[in-house]
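Below you'll find the structure, written out as structure tokens, and then a few comments.
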Amino acid sequence: MTANHPSDLLALFERDGFAVIPGFFTDNSCNTLRTRADEIVEASDLRGASAFSTRDGAAARDAYFLESAHAVRCFFEEEARDERGDVRFAKALAINKIGHALHELDPVFAAFSHDPRLHELLTVLGTREPRIYQSMYIFKQPHIGGEVDWHQDATFFSTEPQSVITLWFALERATTNNGCLRVLRGGHHTPLRERFEAVPGGGTRMVRLDPAPWPAAGDGEPLEVEAGTLVVMHGLLPHYSAPNRSAQSRHAYTLHAVDGRAHYDPRNWLQRPALSRPLA
């Protein structure tokens, strides 16, 4: 499961659909990204912000979410507001994530996201022209951190041939107690189950492609990792994270990269060629 050198990465990745690289970046880098995320939240006007949930797709249908492809926007945790819609927590403890163009529009995140080492890793995996299409800062807040249902990232970034790779950076220790990633080892050899696509004229829909059932919530192999770890995942790898009911947050930063040589599906919800640029 663990890769300590790029030469180990391809074999692990092809066998398991993921690889774990401990100590990929420093505590200072973790602190820099956490501090910058806090600054973004503090400076944000959240009056029009929606909540993010993977269960009912509501956020995926609202304009605030769809327009975030070209912006830096904050999304509330689903449980951050009461039945009247009032926020129950301090702003810094109420946000689920920031998305989806941090890697292009924020100088701090852009510098981190275009580290030449990421280009090297992706080319080792066969991505000859890496392009970042999406970035997310995930808070997984204490007590109310939202569940992320089983899914495959290729659902949201369909290319021909399949090329999306996820780079998941642990900015804090991730454990089963605070909602670490869970993966289905070898599950990238299964078909793409769903495709999330834009609907002509507006809106989105989830299209079921394969009837294979998802694992049960809480199943899968937990990836308990320390801050500074990079987890690399194949676009077809099913993965999940449980709600965080602990008193410890689980901050992470995620990039989704595709190969510029592949055909990027025009039905994908996120279309941002004007912003996408090479990793190196």
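Please note that chains go A, B, ... in the order of the structure tokens, that every chain numbers its residues from 1, and that ligands are numbered from 1 in the order shown.
Every protein or nucleic acid residue with an atom no more than 8 Å from segment 187-196 of chain A, counting only C-alpha atoms and leaving out same-chain residues fewer than 2 positions away, appears here: Asp16, Gly17, Gln152, Ala154, Thr155, Phe156, Ser158, Leu184, Arg185, Ala198, Thr204, Arg205, Met206, Val207, Arg208, Leu209, Asp210, Pro211, Ala212, His234, Gly235, Leu236, Leu237, Pro238, Asn268 and Trp269 of chain A.
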Would you mind exporting C-alpha atoms of the selected residues as a tab-separated table (two decimals), in the first residue's frame?
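Dumped to result_38.tsv:
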chain	number	residue	atom	x	y	z
A	16	ASP	CA	-4.35	-1.76	-5.92
A	17	GLY	CA	-5.73	1.36	-7.60
A	152	GLN	CA	-15.48	6.88	-8.30
A	154	ALA	CA	-14.14	9.30	-12.97
A	155	THR	CA	-17.89	9.80	-12.49
A	156	PHE	CA	-17.23	13.54	-12.47
A	158	SER	CA	-15.06	11.37	-17.76
A	184	LEU	CA	-11.94	-0.83	-2.18
A	185	ARG	CA	-8.52	-2.28	-2.92
A	198	ALA	CA	-24.58	18.59	-17.36
A	204	THR	CA	-27.18	18.23	-13.93
A	205	ARG	CA	-28.07	14.57	-13.65
A	206	MET	CA	-26.49	11.35	-12.44
A	207	VAL	CA	-26.62	8.63	-15.08
A	208	ARG	CA	-26.35	5.02	-13.92
A	209	LEU	CA	-24.00	3.05	-16.18
A	210	ASP	CA	-23.47	-0.23	-14.31
A	211	PRO	CA	-25.84	-1.95	-11.84
A	212	ALA	CA	-23.10	-3.27	-9.54
A	234	HIS	CA	-7.11	5.81	-9.79
A	235	GLY	CA	-10.22	7.45	-11.20
A	236	LEU	CA	-12.17	4.17	-11.09
A	237	LEU	CA	-11.24	3.33	-7.48
A	238	PRO	CA	-14.35	3.28	-5.25
A	268	ASN	CA	-18.94	16.67	-17.74
A	269	TRP	CA	-20.40	19.24	-15.35
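The shell of residues at most 8 Å from segment 90-93 of chain A, with only C-alpha atoms counted and near chain neighbours (fewer than 5 positions) removed, consists of Asp38, Val41, Glu42, Gln141 and Pro142 of chain A.
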I need the residues of segment 61-267 of chain A that end up classed as strand (DSSP E or B) by DSSP on the backbone, written out as number ranges by chain. A: 72-77, 81, 87, 95-100, 130-138, 145, 148-151, 159-160, 165-170, 174, 181-183, 194-198, 204-208, 221-223, 225, 230-234, 239-241, 244, 252-259, 263-264
Just list the residues in segment 16-123 of chain A DSSP gives alpha helix (DSSP H) on the backbone, as an MDAnalysis selection string. chainID A and resid 16 27:43 58:61 63:66 102:105 107:113 116:123
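With only C-alpha atoms as the atoms that count, the residue of A:Thr175, A:Trp168, A:Ile21, A:His103 with the shortest distance to Asp8 of chain A is A:Ile21.
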Which residues are near Leu223 of chain A? Cut-off 8 Å, only C-alpha atoms, ignore same chain within fewer than 4 positions. Put them as a ChimeraX atom specification. /A:174-175,180-183
How about saving the chosen residues, N, CA and C atoms kept, as an mmCIF file, in the first residue's frame?
data_model
loop_
_atom_site.group_PDB
_atom_site.id
_atom_site.type_symbol
_atom_site.label_atom_id
_atom_site.label_comp_id
_atom_site.auth_asym_id
_atom_site.auth_seq_id
_atom_site.Cartn_x
_atom_site.Cartn_y
_atom_site.Cartn_z
ATOM 1 N N ALA A 174 -5.344 11.538 9.823
ATOM 2 C CA ALA A 174 -6.634 10.969 9.441
ATOM 3 C C ALA A 174 -6.740 9.561 10.028
ATOM 4 N N THR A 175 -7.814 9.306 10.777
ATOM 5 C CA THR A 175 -8.017 8.013 11.432
ATOM 6 C C THR A 175 -9.464 7.568 11.231
ATOM 7 N N CYS A 180 -11.434 8.991 8.151
ATOM 8 C CA CYS A 180 -10.396 8.823 7.126
ATOM 9 C C CYS A 180 -10.982 8.217 5.852
ATOM 10 N N LEU A 181 -10.197 8.284 4.777
ATOM 11 C CA LEU A 181 -10.592 7.627 3.540
ATOM 12 C C LEU A 181 -10.728 6.120 3.748
ATOM 13 N N ARG A 182 -11.687 5.528 3.043
ATOM 14 C CA ARG A 182 -11.792 4.075 2.936
ATOM 15 C C ARG A 182 -11.829 3.729 1.447
ATOM 16 N N VAL A 183 -11.090 2.707 1.064
ATOM 17 C CA VAL A 183 -10.978 2.347 -0.346
ATOM 18 C C VAL A 183 -11.317 0.887 -0.548
#
Quick one: residues within 6 Å of Pro243 of chain A, only C-alpha atoms, excluding same-chain residues fewer than 3 positions away - as a compact mmCIF listing (two decimals) with C-alpha atoms, in the first residue's frame?
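result_23.txt, written as the output of this step:
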# COMPACT_ATOMS: atom_id res chain seq x y z
CA GLY A 145 -18.09 16.52 9.31
CA GLY A 146 -20.22 15.14 6.50
CA GLU A 147 -20.24 11.60 5.14
CA GLY A 179 -13.48 9.97 9.04
With only C-alpha atoms as the counted atoms, please give the residues lying no more than 12 Å from Asn28 of chain A, apart from itself and same-chain residues fewer than 6 positions off, as a ChimeraX atom specification. /A:34-35,112,171-172,227-228
Which residues, written as a ChimeraX atom specification, have at least one atom at most 8 Å from Leu167 of chain A, with only C-alpha atoms counted and residues fewer than 2 positions away on the same chain left out? /A:165,169,230-233,254-257
